[in-house]
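Everything below belongs to protein.txt, which stores compact mmCIF, C-alpha atoms.
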```
# COMPACT_ATOMS: atom_id res chain seq x y z
CA LEU Q 1 -2.62 11.11 53.13
CA PRO Q 2 -3.30 14.87 52.95
CA GLY Q 3 -6.33 15.55 50.78
CA VAL Q 4 -7.59 11.95 50.93
CA ALA Q 5 -10.36 10.62 53.16
CA GLY Q 6 -12.48 7.51 53.39
CA SER Q 7 -15.94 8.17 51.99
CA ASN Q 8 -17.81 6.61 54.93
CA GLU Q 9 -17.72 3.63 57.26
CA THR Q 10 -19.31 1.27 54.73
CA SER Q 11 -17.00 1.76 51.75
CA ALA Q 12 -13.32 1.30 50.91
CA GLY Q 13 -13.48 4.04 48.27
CA LEU Q 14 -11.23 7.10 48.41
CA ALA Q 15 -12.69 10.62 48.53
CA VAL Q 16 -10.07 13.04 47.19
CA ARG Q 17 -10.25 16.74 48.09
CA GLY Q 18 -14.00 16.96 48.55
CA GLY Q 19 -14.94 14.60 45.72
CA ARG Q 20 -17.04 11.48 46.13
CA ALA Q 21 -15.59 7.99 46.07
CA ASP Q 22 -17.29 7.19 42.74
CA GLN Q 23 -15.52 10.21 41.19
CA THR Q 24 -12.11 8.65 41.83
CA PHE Q 25 -10.93 6.88 38.70
CA VAL Q 26 -9.52 3.42 39.54
CA SER Q 27 -7.48 1.70 36.85
CA TYR Q 28 -6.21 -1.88 37.20
CA ASP Q 29 -3.73 -3.12 34.58
CA GLY Q 30 -5.31 -1.00 31.86
CA PHE Q 31 -9.05 -1.49 32.57
CA ARG Q 32 -11.35 0.62 34.73
CA ALA Q 33 -12.70 -0.90 37.95
CA TYR Q 34 -16.03 0.32 39.37
CA GLY Q 35 -16.60 -1.82 42.47
CA VAL Q 36 -13.72 -1.12 44.87
CA ASP Q 37 -14.76 -2.88 48.08
CA HIS Q 38 -16.14 -6.08 49.60
CA LEU Q 39 -18.53 -6.46 52.54
CA PHE Q 40 -19.27 -2.74 53.01
CA GLY Q 41 -15.62 -1.73 53.05
CA TYR Q 42 -14.22 -4.39 55.38
CA PHE Q 43 -12.14 -5.73 52.49
CA SER Q 44 -10.70 -4.02 49.44
CA ALA Q 45 -11.95 -5.37 46.12
CA PHE Q 46 -8.31 -5.98 45.15
CA ASN Q 47 -6.19 -8.64 46.77
CA THR Q 48 -3.02 -6.95 48.03
CA ASP Q 49 -1.12 -10.20 47.49
CA ALA Q 50 -1.69 -9.70 43.74
CA LEU Q 51 -0.61 -6.02 43.59
CA GLN Q 52 2.83 -4.84 42.58
CA ARG Q 53 2.44 -1.06 42.60
CA MET Q 54 -0.08 1.70 43.34
CA GLU Q 55 0.02 5.28 42.06
CA LEU Q 56 -2.28 7.97 43.48
CA SER Q 57 -2.78 11.34 41.80
CA LYS Q 58 -4.74 14.03 43.65
CA GLY Q 59 -4.58 16.84 41.11
CA GLY Q 60 -2.62 18.43 38.29
CA PHE Q 61 -3.38 15.48 36.05
CA GLU Q 62 -1.38 14.75 32.96
CA ALA Q 63 -3.14 14.58 29.60
CA ARG Q 64 -3.03 10.76 29.70
CA LYS Q 65 -5.34 10.93 32.73
CA GLY Q 66 -7.91 13.13 31.08
CA GLY Q 67 -11.55 12.88 32.07
CA VAL Q 68 -10.86 12.33 35.78
CA LEU Q 69 -13.28 14.20 38.07
CA SER Q 70 -11.53 13.76 41.41
CA GLY Q 71 -8.53 11.47 42.06
CA PHE Q 72 -6.76 8.87 39.98
CA VAL Q 73 -5.63 5.48 41.34
CA ASP Q 74 -3.48 3.35 39.04
CA LEU Q 75 -2.98 -0.26 40.21
CA THR Q 76 -0.44 -2.62 38.64
CA GLY Q 77 -0.70 -6.35 39.28
CA LYS Q 78 2.19 -8.61 40.10
CA THR Q 79 3.82 -10.72 37.41
CA GLY Q 80 4.66 -14.34 38.08
CA ARG Q 81 8.15 -15.48 38.99
CA LEU Q 82 10.38 -16.40 36.05
CA ASP Q 83 12.84 -18.52 38.04
CA ARG Q 84 10.87 -20.97 40.23
CA PRO Q 85 7.32 -21.84 41.37
CA GLU Q 86 5.87 -20.38 44.56
CA PHE Q 87 2.66 -21.06 46.48
CA THR Q 88 1.16 -19.23 49.46
CA LEU Q 89 -1.98 -19.87 51.52
CA GLY Q 90 -3.61 -17.86 54.30
CA ILE Q 91 -6.74 -18.23 56.41
CA SER Q 92 -8.51 -16.09 59.01
CA LEU Q 93 -11.83 -16.08 60.83
CA LEU Q 94 -13.38 -14.16 57.92
CA SER Q 95 -11.70 -15.33 54.70
CA VAL Q 96 -9.24 -17.64 53.01
CA HIS Q 97 -6.81 -16.64 50.29
CA GLY Q 98 -4.15 -18.31 48.17
CA GLN Q 99 -1.71 -17.52 45.39
CA PHE Q 100 0.26 -19.60 42.90
CA GLN Q 101 2.93 -18.42 40.48
CA THR Q 102 5.26 -20.37 38.26
CA PRO Q 103 7.46 -19.94 35.18
CA ILE Q 104 6.20 -21.58 32.00
CA VAL Q 105 9.47 -20.94 30.19
CA THR Q 106 12.34 -19.93 32.47
CA ASP Q 107 13.19 -16.22 32.18
CA LYS Q 108 10.67 -15.75 29.34
CA MET Q 109 7.12 -16.73 30.30
CA SER Q 110 5.22 -16.97 33.58
CA ILE Q 111 1.74 -17.05 35.09
CA ILE Q 112 0.31 -16.01 38.45
CA GLY Q 113 -3.12 -16.57 40.01
CA SER Q 114 -4.68 -15.34 43.27
CA TYR Q 115 -8.02 -16.16 44.88
CA ARG Q 116 -9.93 -15.01 47.99
CA ARG Q 117 -13.23 -16.10 49.48
CA SER Q 118 -15.07 -15.12 52.64
CA PHE Q 119 -17.09 -17.41 54.85
CA GLN Q 120 -19.25 -17.17 57.96
CA THR Q 121 -17.73 -18.90 60.98
CA PRO Q 122 -19.14 -19.46 64.49
CA LEU Q 123 -17.70 -16.02 65.27
CA PHE Q 124 -20.39 -14.50 63.01
CA ASN Q 125 -23.15 -16.25 64.97
CA LYS Q 126 -21.69 -15.09 68.29
CA ILE Q 127 -21.68 -11.50 67.09
CA LEU Q 128 -25.25 -11.89 65.84
CA LYS Q 129 -26.44 -13.20 69.20
CA THR Q 130 -25.22 -10.06 70.95
CA THR Q 131 -27.71 -7.97 68.97
CA GLN Q 132 -30.81 -10.15 69.13
CA VAL Q 133 -32.45 -12.79 71.28
CA GLY Q 134 -32.84 -15.28 68.46
CA THR Q 135 -33.30 -15.58 64.74
CA THR Q 136 -37.08 -15.80 65.15
CA THR Q 137 -38.05 -12.45 66.65
CA PRO Q 138 -41.54 -11.01 67.15
CA ARG Q 139 -42.16 -7.81 65.22
CA GLY Q 140 -45.05 -5.51 66.12
CA GLY Q 141 -45.40 -6.65 69.71
CA PRO Q 142 -46.69 -9.84 71.28
CA ALA Q 143 -48.57 -12.35 69.17
CA PRO Q 144 -52.33 -12.39 69.79
CA PRO Q 145 -53.71 -15.18 72.03
CA ALA Q 146 -55.31 -18.20 70.47
CA ASN Q 147 -58.80 -17.13 71.61
CA GLY Q 148 -58.55 -13.97 69.52
CA SER Q 149 -58.70 -11.58 72.48
CA GLY Q 150 -55.94 -9.38 73.75
CA PRO Q 151 -54.16 -6.30 72.48
CA PRO Q 152 -52.53 -6.22 69.05
CA GLY Q 153 -48.85 -5.54 68.61
CA PHE Q 154 -48.83 -2.18 66.86
CA PRO Q 155 -51.70 0.21 67.49
CA GLY Q 156 -54.35 -0.98 65.09
CA ARG Q 157 -52.06 -3.71 63.67
CA PRO Q 158 -51.68 -7.25 65.03
CA GLY Q 159 -48.25 -8.61 65.87
CA ALA Q 160 -46.35 -10.86 63.50
CA PHE Q 161 -43.35 -13.15 63.54
CA PHE Q 162 -40.60 -13.54 60.96
CA ASP Q 163 -37.42 -15.55 60.62
CA SER Q 164 -34.47 -13.47 59.38
CA GLN Q 165 -30.90 -14.76 59.15
CA PRO Q 166 -28.84 -12.42 56.94
CA THR Q 167 -26.01 -13.99 54.99
CA SER Q 168 -23.21 -12.27 53.12
CA GLY Q 169 -20.04 -13.19 51.32
CA PHE Q 170 -17.66 -12.41 48.49
CA TYR Q 171 -15.00 -13.92 46.29
CA ASP Q 172 -12.47 -12.49 43.87
CA GLY Q 173 -9.76 -13.84 41.61
CA ASN Q 174 -6.77 -12.37 39.79
CA GLY Q 175 -4.63 -13.85 37.04
CA LYS Q 176 -1.75 -12.51 34.96
CA TYR Q 177 0.23 -13.97 32.08
CA LEU Q 178 3.64 -12.54 31.18
CA TRP Q 179 5.70 -13.19 28.04
CA LYS Q 180 9.06 -11.66 27.13
CA PRO Q 181 9.67 -12.26 23.40
CA SER Q 182 12.98 -10.44 23.74
CA SER Q 183 14.90 -8.39 26.26
CA GLU Q 184 13.26 -5.24 24.85
CA GLN Q 185 9.63 -6.44 24.69
CA THR Q 186 7.01 -7.62 27.17
CA VAL Q 187 3.46 -8.87 26.63
CA ALA Q 188 1.07 -9.10 29.60
CA VAL Q 189 -2.55 -10.24 29.91
CA SER Q 190 -4.45 -9.63 33.18
CA TYR Q 191 -7.86 -10.81 34.34
CA TYR Q 192 -9.94 -9.94 37.38
CA THR Q 193 -13.34 -11.11 38.61
CA GLY Q 194 -15.22 -10.53 41.85
CA ARG Q 195 -18.70 -10.95 43.31
CA ASP Q 196 -20.49 -9.76 46.46
CA GLU Q 197 -23.79 -11.02 47.79
CA VAL Q 198 -25.90 -9.86 50.73
CA ASP Q 199 -29.10 -11.83 51.35
CA ASN Q 200 -31.58 -10.69 53.99
CA SER Q 201 -34.59 -12.56 52.63
CA ARG Q 202 -37.17 -13.62 55.17
CA THR Q 203 -40.56 -15.20 55.68
CA LEU Q 204 -43.20 -13.17 57.52
CA GLN Q 205 -46.01 -15.09 59.20
CA LEU Q 206 -49.16 -12.99 59.14
CA PRO Q 207 -51.42 -13.48 62.21
CA THR Q 208 -54.52 -15.50 61.41
CA GLN Q 209 -56.56 -13.06 63.53
CA PHE Q 210 -55.54 -10.20 61.24
CA LEU Q 211 -56.54 -12.11 58.10
CA GLU Q 212 -59.85 -13.15 59.64
CA THR Q 213 -60.57 -9.51 60.51
CA LEU Q 214 -60.01 -8.51 56.89
CA GLN Q 215 -62.23 -11.35 55.70
CA ASN Q 216 -65.01 -10.33 58.09
CA ARG Q 217 -64.83 -6.80 56.65
CA GLY Q 218 -65.54 -8.14 53.18
CA VAL Q 219 -62.01 -8.40 51.79
CA ASN Q 220 -61.69 -11.29 49.32
CA LEU Q 221 -58.39 -12.82 50.52
CA ALA Q 222 -58.36 -15.56 47.90
CA ALA Q 223 -58.56 -13.00 45.10
CA ARG Q 224 -55.55 -11.22 46.63
CA GLY Q 225 -53.51 -14.42 46.85
CA PHE Q 226 -53.78 -14.96 50.62
CA ASP Q 227 -54.53 -18.36 52.09
CA LEU Q 228 -55.70 -18.69 55.70
CA SER Q 229 -54.14 -22.15 55.88
CA ASN Q 230 -50.75 -20.72 54.83
CA PRO Q 231 -50.56 -17.08 55.98
CA ASN Q 232 -46.92 -16.54 54.97
CA LEU Q 233 -45.38 -13.55 53.23
CA ASN Q 234 -42.07 -14.44 51.50
CA ILE Q 235 -39.86 -11.36 51.10
CA THR Q 236 -36.79 -11.42 48.87
CA ASP Q 237 -34.14 -8.91 49.93
CA LEU Q 238 -31.03 -9.59 47.84
CA ARG Q 239 -28.18 -7.48 46.51
CA VAL Q 240 -25.52 -8.88 44.18
CA THR Q 241 -22.62 -6.93 42.68
CA ARG Q 242 -20.22 -8.33 40.09
CA ASN Q 243 -17.03 -6.81 38.74
CA SER Q 244 -14.81 -8.25 36.02
CA GLY Q 245 -12.12 -6.94 33.72
CA ILE Q 246 -9.36 -7.91 31.34
CA GLY Q 247 -6.30 -5.96 30.27
CA MET Q 248 -3.72 -6.66 27.54
CA GLU Q 249 -0.49 -4.70 27.15
CA TRP Q 250 2.48 -4.75 24.78
CA ALA Q 251 5.52 -2.65 25.70
CA ALA Q 252 8.70 -2.31 23.66
CA ARG Q 253 11.93 -0.35 23.80
CA ILE Q 254 12.89 0.66 20.25
CA ASN Q 255 16.25 2.05 21.33
CA SER Q 256 17.81 3.69 24.38
CA ARG Q 257 15.70 6.83 23.88
CA ILE Q 258 12.36 5.72 22.40
CA GLY Q 259 9.78 3.45 23.97
CA THR Q 260 6.24 2.54 22.97
CA ASN Q 261 3.23 0.97 24.63
CA LEU Q 262 -0.05 -0.43 23.31
CA SER Q 263 -2.83 -1.55 25.66
CA PHE Q 264 -6.44 -2.68 25.56
CA GLY Q 265 -8.79 -2.87 28.54
CA GLY Q 266 -12.37 -3.98 29.04
CA SER Q 267 -14.47 -4.14 32.20
CA ARG Q 268 -18.03 -4.84 33.27
CA PHE Q 269 -19.84 -3.94 36.48
CA GLN Q 270 -23.29 -5.14 37.55
CA ASP Q 271 -25.41 -4.13 40.55
CA LEU Q 272 -28.56 -6.20 41.08
CA ARG Q 273 -31.11 -5.26 43.75
CA ASN Q 274 -34.07 -7.60 44.25
CA ARG Q 275 -36.88 -6.56 46.62
CA SER Q 276 -39.64 -8.92 45.48
CA PHE Q 277 -42.24 -10.53 47.71
CA GLN Q 278 -44.87 -13.23 47.40
CA ALA Q 279 -48.10 -13.22 49.40
CA GLY Q 280 -49.76 -16.58 49.24
CA ASN Q 281 -50.13 -17.43 45.56
CA THR Q 282 -49.50 -13.89 44.29
CA ALA Q 283 -46.00 -12.87 43.21
CA ASN Q 284 -44.93 -9.22 43.22
CA PRO Q 285 -41.59 -8.90 41.46
CA ALA Q 286 -39.54 -5.75 42.09
CA ALA Q 287 -35.91 -5.65 41.00
CA GLU Q 288 -33.40 -3.19 39.59
CA ASP Q 289 -30.43 -4.27 37.49
CA ASN Q 290 -27.75 -1.69 36.61
CA ARG Q 291 -24.79 -2.51 34.36
CA ILE Q 292 -21.76 -0.63 33.06
CA GLN Q 293 -19.48 -1.81 30.27
CA ASP Q 294 -16.20 -0.07 29.53
CA LEU Q 295 -13.74 -0.53 26.63
CA ASN Q 296 -10.44 1.27 26.29
CA LEU Q 297 -7.66 1.29 23.69
CA ARG Q 298 -4.46 3.27 24.27
CA ALA Q 299 -1.18 3.81 22.41
CA THR Q 300 1.75 5.90 23.70
CA VAL Q 301 5.25 6.82 22.59
CA SER Q 302 7.87 8.28 24.92
CA VAL Q 303 11.12 9.97 23.88
CA ALA Q 304 13.93 10.67 26.31
CA ALA Q 305 15.59 14.04 25.69
CA GLY Q 306 18.71 13.92 27.76
CA GLU Q 307 18.90 12.65 31.31
CA ARG Q 308 16.28 14.92 32.86
CA ASN Q 309 13.49 15.28 30.29
CA THR Q 310 11.03 12.92 28.65
CA PHE Q 311 8.42 13.82 26.01
CA GLU Q 312 5.32 11.62 25.85
CA SER Q 313 2.50 11.53 23.31
CA GLY Q 314 -0.34 9.15 22.71
CA MET Q 315 -3.90 8.41 21.71
CA GLU Q 316 -6.76 6.87 23.65
```
Will you turn the file into structure tokens for me?
Amino acid sequence: LPGVAGSNETSAGLAVRGGRADQTFVSYDGFRAYGVDHLFGYFSAFNTDALQRMELSKGGFEARKGGVLSGFVDLTGKTGRLDRPEFTLGISLLSVHGQFQTPIVTDKMSIIGSYRRSFQTPLFNKILKTTQVGTTTPRGGPAPPANGSGPPGFPGRPGAFFDSQPTSGFYDGNGKYLWKPSSEQTVAVSYYTGRDEVDNSRTLQLPTQFLETLQNRGVNLAARGFDLSNPNLNITDLRVTRNSGIGMEWAARINSRIGTNLSFGGSRFQDLRNRSFQAGNTANPAAEDNRIQDLNLRATVSVAAGERNTFESGME
């Protein structure tokens, strides 16, 4: 759309009129969502099978959208069928998804649930093989000969081998409960949860020749946690993001002109980055854990003044 661009090739976020993707406010059934993509933008964080409506505002925001820096995306989830049950299932080479909806009380109460999960198929391994010879790849040049002679891999640094097989995946789930106490009232409760994980942890085998050279120069390897009989360096390279939220809404029509709405939303986002490593018997933890919690309470009243005008007021 005019004025809207993708932020980059590794994100599903929307950059509106020069703003960044994280400046676009994303609301899902009354709660704010912070993580908006899966697998570096290949999948949206929200299952389209569970969405009923999307509203995008690029500027000229109303007062009820105050505090928005760039764009505003308002997502409304589907409500379950009130007449009969329905089940759908889909599968691809990258993910599987399903949805179930059914009335609890015909024409008055229903529930809907959706779930997606990715998986790595043989297609992933075929793609991986086009970019590398194998999962065990020499780094730093050829490994030194057994007799200790020969050139090192990097200038002044012996070669080393490590085994790296990156894994990644995600899952997300949506649920929504709908209750109609009367023809003029609706009560809805929505829930969302999602998780992404990218693991590129690996084990680096340090050349024995390199460790022996350090030992001959007076370096106490045992004091530093290195063991010549087990010259491995275990590197943890893990990133986990979690996103969850719940929204509750009560809407009522007092008469043909006046309507009211009361909603509560809460969300939580976590971004964990672990870059720890262990050399021999010595552990070196290094991790960063960022979390955001968001709570929101909103009440609005709308009054229709004729056929063409509506006045709206509220508090948040």
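Here the question is which of Q:Gln52, Q:Val189, Q:Gly66, Q:His38 gets nearest to Q:Met315 using all atoms listed in the file, and that residue is Q:Gly66.
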Residues within 9 Å of Q:Ser44, please, as number ranges by chain. Count only C-alpha atoms; anything in the same chain fewer than 4 positions from it doesn't count.
Q: 11-13, 36-39, 48
Extract, using all atoms listed in the file, all DNA, RNA and protein residues at most 10 Å from stretch 293-297 of chain Q, discarding same-chain residues fewer than 2 positions from it, and format them as a list in words.
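What passes the distance filter is Gly30, Phe31, Arg32, Ala33, Tyr34, Ser244, Gly245, Ile246, Gly247, Met248, Glu249, Leu262, Ser263, Phe264, Gly265, Gly266, Ser267, Arg268, Phe269, Gln270, Arg291, Ala299, Met315 and Glu316 of chain Q.
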Residue nearest Q:Gln101 among Q:Lys176, Q:Arg64, Q:Lys126, Q:Arg117 (counting all atoms listed in the file):
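Between Q:Lys176, Q:Arg64, Q:Lys126, Q:Arg117, the residue approaching Q:Gln101 most closely is Q:Lys176.
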Between atom CA of Q:Phe311 and atom CA of Q:Ala251, distance in Å (one decimal)
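Between these atoms lies a distance of 16.7 Å.
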My list of candidates is Q:Phe210, Q:Tyr191, Q:Tyr177, Q:Phe40. Which is closest to Q:Leu82 when distances are computed with all atoms listed in the file?
Q:Tyr177
Compare Q:Gly71, Q:Pro2, Q:Gly59, Q:Pro85 by their minimum atom-to-atom distance to Q:Ala15, counting all atoms listed in the file, and give me the closest one.
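Closest residue, counting all atoms listed in the file: Q:Gly71.
Excluding stretch 74-79 of chain Q itself and same-chain residues fewer than 6 positions from it, the residues having an atom within 8 Å of it are Q:Val26, Q:Ser27, Q:Tyr28, Q:Asp29, Q:Ala50, Q:Leu51, Q:Gln52, Q:Arg53, Q:Met54, Q:Glu55, Q:Leu56, Q:Ser110, Q:Ile111, Q:Ile112, Q:Lys176, Q:Tyr177, Q:Leu178, Q:Ser190, counting only C-alpha atoms.
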Selection: 12 Å around Q:Ser256, only C-alpha atoms, excl. self and same-chain fewer than 3 positions, as a PyMOL selection string:
chain Q and resi 184+252-253+259-260+302-307
Can you spit out the residues from that selection as a PDB file, keeping the file's coordinate frame, using C-alpha atoms?
```
ATOM      1  CA  GLU Q 184      13.260  -5.240  24.850  1.00  0.00           C
ATOM      2  CA  ALA Q 252       8.700  -2.310  23.660  1.00  0.00           C
ATOM      3  CA  ARG Q 253      11.930  -0.350  23.800  1.00  0.00           C
ATOM      4  CA  GLY Q 259       9.780   3.450  23.970  1.00  0.00           C
ATOM      5  CA  THR Q 260       6.240   2.540  22.970  1.00  0.00           C
ATOM      6  CA  SER Q 302       7.870   8.280  24.920  1.00  0.00           C
ATOM      7  CA  VAL Q 303      11.120   9.970  23.880  1.00  0.00           C
ATOM      8  CA  ALA Q 304      13.930  10.670  26.310  1.00  0.00           C
ATOM      9  CA  ALA Q 305      15.590  14.040  25.690  1.00  0.00           C
ATOM     10  CA  GLY Q 306      18.710  13.920  27.760  1.00  0.00           C
ATOM     11  CA  GLU Q 307      18.900  12.650  31.310  1.00  0.00           C
TER      12      GLU Q 307
END
```
Spatial neighbours of stretch 233-235 of chain Q, 6 Å, only C-alpha atoms, chain gap at least 3 places, as number ranges by chain
Q: 201-204, 277-279
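Put simply, atom CA of Q:Gly173 is 7.4 Å away from atom CA of Q:Gly113.
In this comparison, which uses only C-alpha atoms, the residue of Q:Asn232, Q:Ser276, Q:Thr193, Q:Gln215 approaching Q:Phe46 most closely is Q:Thr193.
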Between atom CA of Q:Ala5 and atom CA of Q:Ile292, distance in Å (one decimal):
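Going from atom CA of Q:Ala5 over to atom CA of Q:Ile292 covers 25.7 Å.
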Using 5 Å of padding on each side, determine the axis-aligned box around all atoms of stretch 43-51 of chain Q present in the file and give its centre and edge lengths in Å to one decimal, as lines of an AutoDock Vina configuration file.
```
center_x = -6.4
center_y = -7.1
center_z = 48.0
size_x = 21.5
size_y = 16.2
size_z = 18.9
```
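Proximity of Q:Asn261, Q:Thr300, Q:Ser57, Q:Ser95 to Q:Val187, computed with only C-alpha atoms, is greatest for Q:Asn261.
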Write out N, CA and C atoms for stretch 97-108 of chain Q, as an mmCIF file, in the frame of the given file.
```
data_model
loop_
_atom_site.group_PDB
_atom_site.id
_atom_site.type_symbol
_atom_site.label_atom_id
_atom_site.label_comp_id
_atom_site.auth_asym_id
_atom_site.auth_seq_id
_atom_site.Cartn_x
_atom_site.Cartn_y
_atom_site.Cartn_z
ATOM 1 N N HIS Q 97 -7.386 -17.148 51.526
ATOM 2 C CA HIS Q 97 -6.810 -16.640 50.290
ATOM 3 C C HIS Q 97 -5.570 -17.461 49.936
ATOM 4 N N GLY Q 98 -5.304 -17.568 48.640
ATOM 5 C CA GLY Q 98 -4.150 -18.310 48.170
ATOM 6 C C GLY Q 98 -3.620 -17.722 46.879
ATOM 7 N N GLN Q 99 -2.358 -18.026 46.597
ATOM 8 C CA GLN Q 99 -1.710 -17.520 45.390
ATOM 9 C C GLN Q 99 -0.710 -18.546 44.875
ATOM 10 N N PHE Q 100 -0.664 -18.670 43.540
ATOM 11 C CA PHE Q 100 0.260 -19.600 42.900
ATOM 12 C C PHE Q 100 0.905 -18.896 41.710
ATOM 13 N N GLN Q 101 2.210 -18.994 41.610
ATOM 14 C CA GLN Q 101 2.930 -18.420 40.480
ATOM 15 C C GLN Q 101 4.052 -19.365 40.075
ATOM 16 N N THR Q 102 4.266 -19.440 38.766
ATOM 17 C CA THR Q 102 5.260 -20.370 38.260
ATOM 18 C C THR Q 102 5.743 -19.926 36.880
ATOM 19 N N PRO Q 103 7.001 -20.193 36.555
ATOM 20 C CA PRO Q 103 7.460 -19.940 35.180
ATOM 21 C C PRO Q 103 6.962 -21.023 34.237
ATOM 22 N N ILE Q 104 6.544 -20.620 33.049
ATOM 23 C CA ILE Q 104 6.200 -21.580 32.000
ATOM 24 C C ILE Q 104 7.439 -21.887 31.169
ATOM 25 N N VAL Q 105 8.153 -20.835 30.815
ATOM 26 C CA VAL Q 105 9.470 -20.940 30.190
ATOM 27 C C VAL Q 105 10.410 -20.071 31.022
ATOM 28 N N THR Q 106 11.454 -20.658 31.574
ATOM 29 C CA THR Q 106 12.340 -19.930 32.470
ATOM 30 C C THR Q 106 12.864 -18.653 31.824
ATOM 31 N N ASP Q 107 12.708 -17.552 32.580
ATOM 32 C CA ASP Q 107 13.190 -16.220 32.180
ATOM 33 C C ASP Q 107 12.461 -15.632 30.986
ATOM 34 N N LYS Q 108 11.394 -16.293 30.496
ATOM 35 C CA LYS Q 108 10.670 -15.750 29.340
ATOM 36 C C LYS Q 108 9.157 -15.690 29.528
#
```
